[in-house]
file coords-v1.cif (mmCIF, C-alpha atoms)
data_run
loop_
_atom_site.label_atom_id
_atom_site.label_comp_id
_atom_site.auth_asym_id
_atom_site.auth_seq_id
_atom_site.Cartn_x
_atom_site.Cartn_y
_atom_site.Cartn_z
CA MET A 1 -31.30 -81.14 135.64
CA ARG A 2 -28.80 -78.29 135.63
CA GLN A 3 -25.22 -79.14 134.65
CA MET A 4 -22.20 -78.75 136.90
CA LYS A 5 -19.68 -76.04 136.00
CA GLU A 6 -17.07 -77.58 133.71
CA CYS A 7 -13.55 -76.47 134.62
CA PHE A 8 -9.95 -77.26 133.72
CA ARG A 9 -6.83 -76.85 135.78
CA TRP A 10 -4.29 -74.42 134.33
CA TYR A 11 -0.84 -73.74 135.77
CA GLY A 12 -0.63 -70.23 134.37
CA PRO A 13 1.34 -68.75 131.48
CA ASN A 14 4.09 -71.37 131.79
CA ASP A 15 1.68 -74.30 131.50
CA PRO A 16 2.46 -76.46 128.43
CA VAL A 17 -1.30 -76.47 127.78
CA PRO A 18 -2.29 -73.03 126.43
CA ILE A 19 -5.41 -71.50 127.88
CA ALA A 20 -6.86 -71.24 124.36
CA HIS A 21 -6.82 -75.05 124.12
CA ILE A 22 -8.77 -75.26 127.35
CA ALA A 23 -11.46 -73.08 125.84
CA GLN A 24 -11.55 -75.41 122.82
CA ALA A 25 -12.17 -78.33 125.18
CA GLY A 26 -15.48 -76.73 126.11
CA ALA A 27 -14.61 -75.79 129.68
CA THR A 28 -15.94 -72.48 130.97
CA GLY A 29 -14.03 -72.26 134.25
CA ILE A 30 -10.35 -72.21 135.15
CA VAL A 31 -8.85 -73.73 138.29
CA THR A 32 -5.51 -72.13 139.06
CA ALA A 33 -3.36 -70.28 141.59
CA LEU A 34 -0.49 -67.84 141.76
CA HIS A 35 2.00 -70.68 141.63
CA GLN A 36 4.94 -68.30 141.74
CA ILE A 37 4.05 -67.40 145.36
CA TYR A 38 4.65 -70.53 147.38
CA ASP A 39 6.29 -69.25 150.56
CA GLY A 40 3.08 -68.53 152.46
CA SER A 41 3.20 -64.79 151.85
CA PRO A 42 -0.01 -62.94 150.93
CA TRP A 43 -1.11 -62.68 147.33
CA PRO A 44 -1.12 -59.06 146.13
CA ASP A 45 -4.32 -57.63 144.66
CA ASP A 46 -2.55 -56.58 141.47
CA ALA A 47 -1.14 -60.08 140.85
CA ILE A 48 -4.59 -61.60 141.36
CA ALA A 49 -6.08 -59.03 138.99
CA ARG A 50 -3.51 -59.80 136.29
CA ARG A 51 -4.16 -63.53 136.46
CA LYS A 52 -7.91 -62.98 136.43
CA ALA A 53 -7.59 -60.68 133.39
CA GLU A 54 -5.53 -63.32 131.52
CA ILE A 55 -8.27 -65.87 132.12
CA GLU A 56 -11.11 -63.56 131.17
CA ALA A 57 -9.30 -62.50 127.99
CA ALA A 58 -9.66 -66.13 126.87
CA GLY A 59 -13.41 -65.97 127.50
CA LEU A 60 -13.18 -68.04 130.69
CA GLU A 61 -13.83 -67.50 134.40
CA TRP A 62 -11.43 -67.99 137.30
CA ALA A 63 -13.83 -70.34 139.05
CA VAL A 64 -11.64 -71.99 141.72
CA VAL A 65 -8.34 -71.23 143.41
CA GLU A 66 -6.26 -74.37 143.82
CA SER A 67 -4.39 -73.79 146.03
CA ILE A 68 -3.32 -71.18 148.53
CA PRO A 69 -0.36 -73.01 150.08
CA VAL A 70 -0.69 -73.90 153.77
CA HIS A 71 2.70 -73.20 155.34
CA ASN A 72 4.42 -76.06 157.13
CA SER A 73 4.39 -74.18 160.44
CA ILE A 74 0.58 -74.31 160.38
CA LYS A 75 0.64 -78.09 159.93
CA THR A 76 3.29 -78.63 162.61
CA GLY A 77 1.76 -76.11 165.02
CA THR A 78 4.92 -74.09 165.66
CA PRO A 79 4.71 -70.58 167.16
CA GLU A 80 5.26 -68.85 163.81
CA ARG A 81 2.04 -70.30 162.44
CA ASP A 82 0.01 -67.26 163.49
CA ARG A 83 2.01 -65.02 161.14
CA TYR A 84 1.34 -67.35 158.22
CA ILE A 85 -2.32 -67.73 159.16
CA GLY A 86 -2.56 -63.94 159.15
CA TRP A 87 -1.12 -63.87 155.64
CA TYR A 88 -3.54 -66.61 154.60
CA LYS A 89 -6.41 -64.42 155.82
CA ASP A 90 -5.01 -61.51 153.80
CA THR A 91 -5.06 -63.69 150.67
CA LEU A 92 -8.64 -64.78 151.34
CA ARG A 93 -9.68 -61.14 151.63
CA ALA A 94 -7.86 -60.25 148.41
CA LEU A 95 -9.56 -63.11 146.54
CA GLY A 96 -12.92 -62.06 147.95
CA ARG A 97 -12.35 -58.51 146.69
CA ALA A 98 -11.60 -59.98 143.26
CA GLY A 99 -14.86 -61.95 143.30
CA ILE A 100 -13.23 -65.39 143.42
CA ARG A 101 -15.26 -67.46 145.84
CA THR A 102 -14.09 -71.09 145.89
CA ILE A 103 -10.78 -71.99 147.54
CA CYS A 104 -9.42 -75.54 147.41
CA TYR A 105 -6.53 -76.39 149.74
CA ASN A 106 -4.95 -79.45 151.33
CA PHE A 107 -3.41 -80.34 154.66
CA MET A 108 -1.15 -83.22 153.60
CA PRO A 109 2.19 -83.22 155.43
CA VAL A 110 5.41 -83.00 153.36
CA CYS A 111 4.13 -84.66 150.17
CA ASP A 112 0.97 -83.97 148.22
CA TRP A 113 -0.34 -86.48 145.68
CA THR A 114 2.09 -89.38 145.53
CA ARG A 115 2.82 -91.87 142.75
CA THR A 116 5.73 -94.19 141.97
CA GLU A 117 5.30 -94.24 138.17
CA LEU A 118 4.22 -91.51 135.75
CA ARG A 119 4.07 -93.48 132.48
CA TYR A 120 2.40 -96.79 133.32
CA PRO A 121 1.38 -98.50 130.04
CA MET A 122 -2.30 -99.30 129.64
CA PRO A 123 -3.57 -102.01 127.23
CA THR A 124 -4.61 -99.28 124.76
CA GLY A 125 -1.11 -97.78 124.63
CA ALA A 126 -2.13 -94.84 126.80
CA LEU A 127 0.15 -93.97 129.72
CA ALA A 128 -1.21 -93.59 133.25
CA LEU A 129 -0.08 -92.58 136.72
CA ARG A 130 0.42 -95.46 139.13
CA PHE A 131 1.23 -96.12 142.78
CA ASP A 132 3.06 -99.42 143.25
CA ALA A 133 2.84 -100.41 146.91
CA VAL A 134 5.84 -102.77 146.73
CA ASP A 135 8.06 -100.23 144.96
CA PHE A 136 7.08 -97.68 147.59
CA ALA A 137 7.97 -100.02 150.45
CA ALA A 138 11.30 -100.88 148.80
CA TYR A 139 12.19 -97.20 148.58
CA ASP A 140 10.97 -96.34 152.09
CA VAL A 141 12.74 -99.22 153.85
CA PHE A 142 15.90 -99.83 151.84
CA LEU A 143 16.82 -96.55 150.13
CA LEU A 144 15.36 -93.81 152.27
CA LYS A 145 15.99 -96.01 155.31
CA ARG A 146 13.39 -94.09 157.28
CA GLN A 147 13.67 -94.77 160.98
CA GLY A 148 10.93 -97.19 162.03
CA ALA A 149 9.85 -97.93 158.47
CA GLU A 150 10.06 -101.70 158.92
CA GLY A 151 7.33 -101.53 161.55
CA ASP A 152 4.87 -100.05 159.05
CA TYR A 153 4.91 -103.13 156.80
CA THR A 154 4.17 -106.81 157.21
CA PRO A 155 7.08 -109.27 157.08
CA GLU A 156 5.72 -110.50 153.75
CA ARG A 157 5.74 -106.98 152.30
CA ILE A 158 9.34 -106.49 153.50
CA ARG A 159 10.36 -109.67 151.66
CA GLU A 160 8.53 -108.51 148.53
CA ALA A 161 10.20 -105.11 148.76
CA GLU A 162 13.66 -106.62 149.12
CA ALA A 163 13.07 -108.79 146.06
CA ARG A 164 11.78 -105.76 144.13
CA LEU A 165 14.89 -103.79 145.08
CA ALA A 166 17.07 -106.50 143.58
CA GLU A 167 14.86 -106.66 140.50
CA ARG A 168 14.77 -102.90 139.87
CA GLY A 169 18.46 -102.31 140.46
CA GLU A 170 20.05 -98.96 141.20
CA ALA A 171 18.79 -97.21 138.05
CA GLY A 172 15.21 -98.41 138.53
CA MET A 173 15.06 -97.31 142.15
CA ALA A 174 16.64 -93.95 141.29
CA ALA A 175 13.79 -93.37 138.84
CA ILE A 176 11.25 -94.18 141.53
CA GLU A 177 12.97 -91.81 143.94
CA ARG A 178 12.79 -88.98 141.42
CA VAL A 179 9.04 -89.48 141.07
CA LEU A 180 8.47 -89.71 144.83
CA ILE A 181 10.44 -86.74 146.12
CA ALA A 182 11.73 -84.59 143.25
CA GLY A 183 8.50 -82.64 142.80
CA LEU A 184 5.24 -83.02 140.88
CA PRO A 185 2.56 -80.63 139.64
CA ALA A 186 0.50 -79.22 142.51
CA THR A 187 3.41 -79.47 144.93
CA GLU A 188 5.99 -76.88 143.80
CA ARG A 189 8.37 -78.58 146.22
CA SER A 190 11.44 -80.64 145.51
CA TYR A 191 13.72 -82.66 147.78
CA ASP A 192 16.84 -84.71 147.69
CA ARG A 193 17.10 -87.67 150.03
CA GLU A 194 18.65 -85.77 152.94
CA SER A 195 16.30 -82.79 152.77
CA PHE A 196 13.37 -85.19 152.52
CA ARG A 197 14.46 -86.96 155.69
CA ALA A 198 14.72 -83.56 157.38
CA ALA A 199 11.20 -82.64 156.24
CA LEU A 200 9.85 -85.90 157.68
CA ALA A 201 11.64 -85.18 160.96
CA ASP A 202 9.52 -82.03 161.39
CA TYR A 203 6.62 -84.39 162.10
CA ASP A 204 8.30 -86.45 164.79
CA GLY A 205 5.79 -86.73 167.60
CA ILE A 206 2.89 -85.50 165.44
CA GLY A 207 0.27 -88.20 165.03
CA PRO A 208 -3.25 -88.05 163.61
CA GLU A 209 -4.77 -86.37 166.66
CA GLU A 210 -2.07 -83.72 166.83
CA LEU A 211 -2.34 -82.95 163.12
CA ARG A 212 -6.13 -82.88 163.40
CA GLY A 213 -5.80 -80.37 166.22
CA HIS A 214 -3.56 -78.15 164.08
CA LEU A 215 -6.09 -78.30 161.24
CA GLY A 216 -8.88 -77.39 163.65
CA TYR A 217 -6.90 -74.39 164.94
CA PHE A 218 -6.30 -73.23 161.37
CA LEU A 219 -9.97 -73.62 160.41
CA ARG A 220 -11.25 -71.77 163.44
CA GLU A 221 -8.97 -68.88 162.51
CA ILE A 222 -9.72 -68.62 158.80
CA THR A 223 -13.38 -69.65 158.60
CA PRO A 224 -14.72 -66.36 160.05
CA VAL A 225 -12.72 -64.48 157.39
CA ALA A 226 -14.15 -66.73 154.70
CA GLU A 227 -17.65 -65.97 155.98
CA GLU A 228 -16.99 -62.22 155.97
CA THR A 229 -15.66 -62.23 152.40
CA GLY A 230 -18.14 -64.70 150.91
CA VAL A 231 -15.44 -67.28 150.22
CA ARG A 232 -16.01 -71.05 150.37
CA LEU A 233 -13.18 -73.24 151.68
CA CYS A 234 -12.96 -76.82 150.44
CA ILE A 235 -10.25 -79.17 151.65
CA HIS A 236 -8.82 -81.75 149.26
CA PRO A 237 -8.55 -85.29 150.64
CA ASP A 238 -5.29 -87.15 151.11
CA ASP A 239 -3.93 -88.72 147.94
CA PRO A 240 -3.67 -91.63 148.40
CA SER A 241 -5.98 -91.93 151.38
CA PHE A 242 -3.65 -93.95 153.57
CA PRO A 243 -0.46 -93.12 155.53
CA LEU A 244 2.86 -92.69 153.72
CA PHE A 245 6.37 -92.37 155.14
CA GLY A 246 4.96 -92.70 158.66
CA LEU A 247 3.11 -89.39 158.27
CA PRO A 248 -0.45 -88.98 159.57
CA ARG A 249 -3.31 -88.71 157.09
CA ILE A 250 -6.47 -87.07 158.43
CA VAL A 251 -8.67 -86.41 155.37
CA SER A 252 -9.12 -89.94 154.04
CA SER A 253 -12.57 -91.19 155.03
CA ALA A 254 -16.13 -90.21 155.83
CA ALA A 255 -15.24 -90.19 159.53
CA ASP A 256 -12.40 -87.77 158.83
CA ALA A 257 -14.71 -85.49 156.84
CA ARG A 258 -17.20 -85.40 159.71
CA GLN A 259 -14.50 -84.38 162.18
CA LEU A 260 -13.06 -81.57 160.08
CA LEU A 261 -16.50 -80.15 159.29
CA ALA A 262 -17.33 -80.22 163.00
CA ALA A 263 -14.06 -78.41 163.81
CA ALA A 264 -15.51 -75.18 162.40
CA GLU A 265 -19.23 -75.44 161.79
CA SER A 266 -19.98 -73.01 158.99
CA PRO A 267 -21.31 -73.12 155.42
CA ALA A 268 -17.89 -71.73 154.45
CA ASN A 269 -16.04 -74.81 155.76
CA GLY A 270 -16.45 -77.52 153.17
CA LEU A 271 -14.98 -80.25 151.01
CA THR A 272 -13.37 -80.84 147.66
CA PHE A 273 -14.83 -84.20 146.70
CA CYS A 274 -12.04 -86.03 144.87
CA THR A 275 -13.27 -89.40 143.67
CA GLY A 276 -9.74 -90.57 142.90
CA SER A 277 -8.36 -89.76 146.35
CA TYR A 278 -11.28 -91.08 148.39
CA GLY A 279 -11.46 -93.94 145.89
CA THR A 280 -8.06 -95.31 146.92
CA ARG A 281 -9.69 -96.58 150.11
CA ALA A 282 -12.01 -99.46 149.21
CA GLU A 283 -14.37 -98.93 152.14
CA ASN A 284 -15.26 -95.39 151.04
CA ASP A 285 -18.76 -95.50 149.50
CA LEU A 286 -18.44 -92.52 147.18
CA PRO A 287 -22.11 -91.96 146.20
CA ALA A 288 -23.12 -92.31 149.86
CA MET A 289 -20.47 -89.76 150.85
CA VAL A 290 -21.83 -87.29 148.28
CA ARG A 291 -25.33 -87.75 149.69
CA GLU A 292 -24.10 -87.26 153.28
CA PHE A 293 -21.80 -84.30 152.69
CA GLY A 294 -23.52 -82.76 149.67
CA PRO A 295 -24.34 -79.38 151.23
CA LYS A 296 -20.65 -78.92 152.07
CA ILE A 297 -19.18 -80.07 148.74
CA HIS A 298 -17.97 -76.88 147.08
CA PHE A 299 -15.79 -78.44 144.36
CA ALA A 300 -15.41 -81.85 142.68
CA HIS A 301 -12.36 -83.59 141.23
CA LEU A 302 -13.72 -86.38 139.08
CA ARG A 303 -11.27 -89.15 138.16
CA ASN A 304 -11.11 -92.88 138.67
CA VAL A 305 -8.61 -95.41 139.94
CA THR A 306 -8.33 -99.17 139.68
CA LEU A 307 -7.42 -100.79 142.98
CA GLU A 308 -5.04 -103.73 142.81
CA ALA A 309 -4.85 -106.73 145.14
CA ASP A 310 -1.50 -105.81 146.73
CA GLY A 311 -2.50 -102.26 147.71
CA SER A 312 -1.29 -100.66 144.49
CA PHE A 313 -3.54 -98.63 142.20
CA HIS A 314 -3.42 -96.87 138.86
CA GLU A 315 -5.39 -94.06 137.29
CA SER A 316 -8.02 -95.51 135.00
CA ASP A 317 -10.36 -94.01 132.41
CA HIS A 318 -12.76 -91.55 133.98
CA LEU A 319 -15.66 -93.97 133.43
CA GLY A 320 -13.59 -97.06 134.21
CA GLY A 321 -11.94 -98.14 137.41
CA THR A 322 -13.31 -99.05 140.79
CA ALA A 323 -15.64 -96.11 141.44
CA ASP A 324 -19.16 -95.94 140.01
CA MET A 325 -18.68 -92.54 138.36
CA PRO A 326 -22.22 -92.19 136.95
CA ALA A 327 -23.63 -92.80 140.45
CA VAL A 328 -21.34 -90.10 141.87
CA VAL A 329 -22.32 -87.63 139.14
CA LEU A 330 -26.00 -88.38 139.71
CA ALA A 331 -25.62 -87.70 143.44
CA LEU A 332 -23.85 -84.39 142.71
CA LEU A 333 -26.54 -83.31 140.24
CA GLU A 334 -29.23 -84.19 142.78
CA GLU A 335 -27.40 -82.07 145.35
CA GLN A 336 -27.48 -79.16 142.93
CA GLU A 337 -31.25 -79.60 142.51
CA ARG A 338 -31.65 -79.62 146.28
CA ARG A 339 -29.67 -76.36 146.51
CA ILE A 340 -31.79 -74.75 143.81
CA GLY A 341 -34.86 -75.69 145.80
CA GLU A 342 -33.34 -74.01 148.85
CA GLY A 343 -32.58 -70.88 146.86
CA ARG A 344 -28.81 -71.14 147.35
CA GLU A 345 -26.85 -68.76 145.16
CA ASP A 346 -23.93 -71.20 145.12
CA TRP A 347 -26.04 -74.03 143.73
CA GLN A 348 -23.65 -74.91 140.89
CA ILE A 349 -20.74 -77.19 141.82
CA PRO A 350 -17.57 -76.68 139.78
CA LEU A 351 -15.92 -79.88 138.57
CA ARG A 352 -12.69 -80.63 136.82
CA PRO A 353 -11.51 -83.84 135.16
CA ASP A 354 -8.35 -84.84 136.97
CA HIS A 355 -5.25 -86.85 136.05
CA GLY A 356 -5.99 -87.76 132.47
CA HIS A 357 -4.02 -90.42 130.64
CA LEU A 358 -1.22 -89.42 128.31
CA LEU A 359 -2.73 -90.02 124.86
CA ALA A 360 -2.00 -89.70 121.15
CA ASP A 361 0.19 -86.73 120.14
CA ASP A 362 0.72 -85.72 123.77
CA ILE A 363 2.89 -88.82 124.30
CA GLY A 364 5.71 -87.40 122.19
CA LYS A 365 5.72 -83.88 123.60
CA GLU A 366 8.81 -82.74 125.49
CA ARG A 367 6.95 -80.66 128.09
CA ILE A 368 4.07 -82.36 129.87
CA ASN A 369 2.92 -81.99 133.46
CA PRO A 370 2.26 -85.58 134.55
CA GLY A 371 -1.48 -86.09 134.84
CA TYR A 372 -2.21 -82.71 133.27
CA SER A 373 -1.83 -83.26 129.55
CA LEU A 374 -4.51 -81.81 127.31
CA ILE A 375 -5.96 -84.76 125.40
CA GLY A 376 -6.45 -87.12 128.35
CA ARG A 377 -8.30 -84.50 130.35
CA LEU A 378 -10.26 -83.41 127.28
CA ARG A 379 -11.45 -87.01 126.91
CA GLY A 380 -12.32 -87.13 130.61
CA LEU A 381 -14.31 -83.90 130.43
CA ALA A 382 -16.17 -85.11 127.35
CA GLU A 383 -17.09 -88.37 129.10
CA LEU A 384 -18.27 -86.58 132.23
CA ARG A 385 -20.25 -84.12 130.13
CA GLY A 386 -21.91 -87.06 128.39
CA VAL A 387 -22.87 -88.61 131.72
CA MET A 388 -24.40 -85.34 132.92
CA HIS A 389 -26.39 -84.82 129.74
CA GLY A 390 -27.49 -88.45 129.71
CA ILE A 391 -28.79 -88.18 133.28
CA ALA A 392 -30.60 -84.93 132.47
CA ALA A 393 -32.18 -86.43 129.37
CA ALA A 394 -33.30 -89.52 131.26
CA ARG A 395 -34.90 -87.37 133.96
CA SER A 396 -36.69 -85.24 131.38
CA ALA A 397 -38.01 -88.30 129.59
CA GLY A 398 -39.01 -90.05 132.79
#
call {"tool": "encode", "arguments": {"input": "coords-v1.cif", "output": "C-alpha cells"}}
result
Amino acid sequence: MRQMKECFRWYGPNDPVPIAHIAQAGATGIVTALHQIYDGSPWPDDAIARRKAEIEAAGLEWAVVESIPVHNSIKTGTPERDRYIGWYKDTLRALGRAGIRTICYNFMPVCDWTRTELRYPMPTGALALRFDAVDFAAYDVFLLKRQGAEGDYTPERIREAEARLAERGEAGMAAIERVLIAGLPATERSYDRESFRAALADYDGIGPEELRGHLGYFLREITPVAEETGVRLCIHPDDPSFPLFGLPRIVSSAADARQLLAAAESPANGLTFCTGSYGTRAENDLPAMVREFGPKIHFAHLRNVTLEADGSFHESDHLGGTADMPAVVLALLEEQERRIGEGREDWQIPLRPDHGHLLADDIGKERINPGYSLIGRLRGLAELRGVMHGIAAARSAG
C-alpha cells in the first residue's frame, strides 16, 4: 500500500521549530500560511513565492495551506462579506498559480481550537493540552458572566463550577482566562474580557441554521474558483466538536459533514479529517466516517484525545486515547488505493501529526507554541509512520 504524505506544520521564519528540524523528522511536506496577513486581504504572489522558496530551500514541499483566514463578516453574513469573499478568491487564484493545491480552512466563530490548560501533567511527566469542562463553565458563568450562560449548563454543573471557582481562586481563574481568550497558535487573535464579549455579541441571533447558511453562501462563491484553479478546499472540524460560549458549531459530526458537502457539490469541496476534533464527540465513529467521506478527504490531522466522564478531555499519545488510530489509518490508506484504481492524480492524502505532548528538552525551552513543539510531534509522526508501514507489510505478506 502507498504511504500518505508526511507533513509538519510550520509557522514560518518566526516559528521556534526551525524548518531544518522538520526535515530531520522525516517529513516531506510543510503545512503553513502567510500568518502575517490575517485581515482578510489577498495574499500577494510575491509573498507566496518567497514562502514557497524558503520551504523548497530546505528540501521540502509546501503541501497544504493552513489557513487562509475567513473574515468574520463572512461568518456573520454582513453586507461587506462579498468584498472579503472576493479577496479570498484572489488568494485561491494566487495559490493555484503557485502550484499549491490543498487549502485547509475553518468556520468556527470567534474562537478556534479551545483548551483550558496547556501543560497538563501526564503520568510519564509529559505535558499535554486539556479541556476541563468544569473550569470552562466556571469561567463562562462566573467570570465572563455571559448573558444566558446559566441556561447552557445543568444545575449540577453550575454547582460544580461555583465550587471550582472557589478552589481555583483569582490567580487560577486568571490563568484559565489567558488560555481561553488571549490567543493560541492557529488563531492569531487575542482578546481581553470586554473585547471578547463584544466578539460574542456579533453572533447574537445567529444559530446553527443561520451559520450553516452563511457557510453555504461562502462555499457556493469560492468552489467554482477552486475548480478553475485546481485547488482542493478542506474544512477543519470544530475543536472541540460541541458548542462553546453559546456559539453555534456546524462542523462537528457526520451529519454536519454531509450538509456542508451538499451545499456545494464538487470534488473541490472537501474535508480535513481531524481525528482529535471529531474524536471529542463520543458518537462519531471515526473509521466509518473515513469510509463514508473518503473521496472528499483532502487532508488529515491525526491526533488522539482521551474523553473523561465529566465532558472534559485531554490530548493523549497519538496511538493512545479514545480513537482507534490504526483503524483510521487503515481506512485512509484503503481510500488512497481506491483513488489509485480510479486514476485520480490527487490520490495521496497529506497528513500531519497534531498537538504533540511537550517532552524531554522541549519542556525547558522559553519559546514553545503550545501543541506545536518539535519532539512531541516527531514522536507522533514516527508512530503514525510505523502504523502505515506495518499495515503495508501485513498486506504484502497476506
call {"tool": "resolve_selection", "arguments": {"input": "coords-v1.cif", "expression": "the PyMOL selection byres ((chain A and resi 201-209) around 7)", "output": "list in words"}}
result
Thr76, Arg197, Ala198, Ala199, Leu200, Glu210, Leu211, Arg212, Gly213, Pro248, Arg249 and Ile250 of chain A
call {"tool": "resolve_selection", "arguments": {"input": "coords-v1.cif", "expression": "the PyMOL selection byres ((chain A and resi 31) around 7)", "output": "ChimeraX atom specification"}}
result
/A:7-10,29-30,32,62-66
call {"tool": "resolve_selection", "arguments": {"input": "coords-v1.cif", "expression": "the PyMOL selection byres ((chain A and resi 255) around 12)", "output": "PDB file with C-alpha atoms, in the frame of the given file"}}
result
ATOM      1  CA  ILE A 250      -6.470 -87.070 158.430  1.00  0.00           C
ATOM      2  CA  VAL A 251      -8.670 -86.410 155.370  1.00  0.00           C
ATOM      3  CA  SER A 252      -9.120 -89.940 154.040  1.00  0.00           C
ATOM      4  CA  SER A 253     -12.570 -91.190 155.030  1.00  0.00           C
ATOM      5  CA  ALA A 254     -16.130 -90.210 155.830  1.00  0.00           C
ATOM      6  CA  ASP A 256     -12.400 -87.770 158.830  1.00  0.00           C
ATOM      7  CA  ALA A 257     -14.710 -85.490 156.840  1.00  0.00           C
ATOM      8  CA  ARG A 258     -17.200 -85.400 159.710  1.00  0.00           C
ATOM      9  CA  GLN A 259     -14.500 -84.380 162.180  1.00  0.00           C
ATOM     10  CA  LEU A 260     -13.060 -81.570 160.080  1.00  0.00           C
ATOM     11  CA  LEU A 261     -16.500 -80.150 159.290  1.00  0.00           C
ATOM     12  CA  ALA A 262     -17.330 -80.220 163.000  1.00  0.00           C
ATOM     13  CA  TYR A 278     -11.280 -91.080 148.390  1.00  0.00           C
ATOM     14  CA  GLU A 283     -14.370 -98.930 152.140  1.00  0.00           C
ATOM     15  CA  ASN A 284     -15.260 -95.390 151.040  1.00  0.00           C
ATOM     16  CA  ASP A 285     -18.760 -95.500 149.500  1.00  0.00           C
ATOM     17  CA  MET A 289     -20.470 -89.760 150.850  1.00  0.00           C
ATOM     18  CA  GLU A 292     -24.100 -87.260 153.280  1.00  0.00           C
ATOM     19  CA  PHE A 293     -21.800 -84.300 152.690  1.00  0.00           C
TER      20      PHE A 293
END
call {"tool": "closest_residue", "arguments": {"input": "coords-v1.cif", "among": "A:Arg159, A:Arg339, A:Arg281, A:Lys365", "to": "A:Arg2", "atoms": "only C-alpha atoms"}}
result
A:Arg339
call {"tool": "atom_distance", "arguments": {"input": "coords-v1.cif", "atom1": "atom CA of A:His355", "atom2": "atom CA of A:Ser316"}}
result
9.2 Å
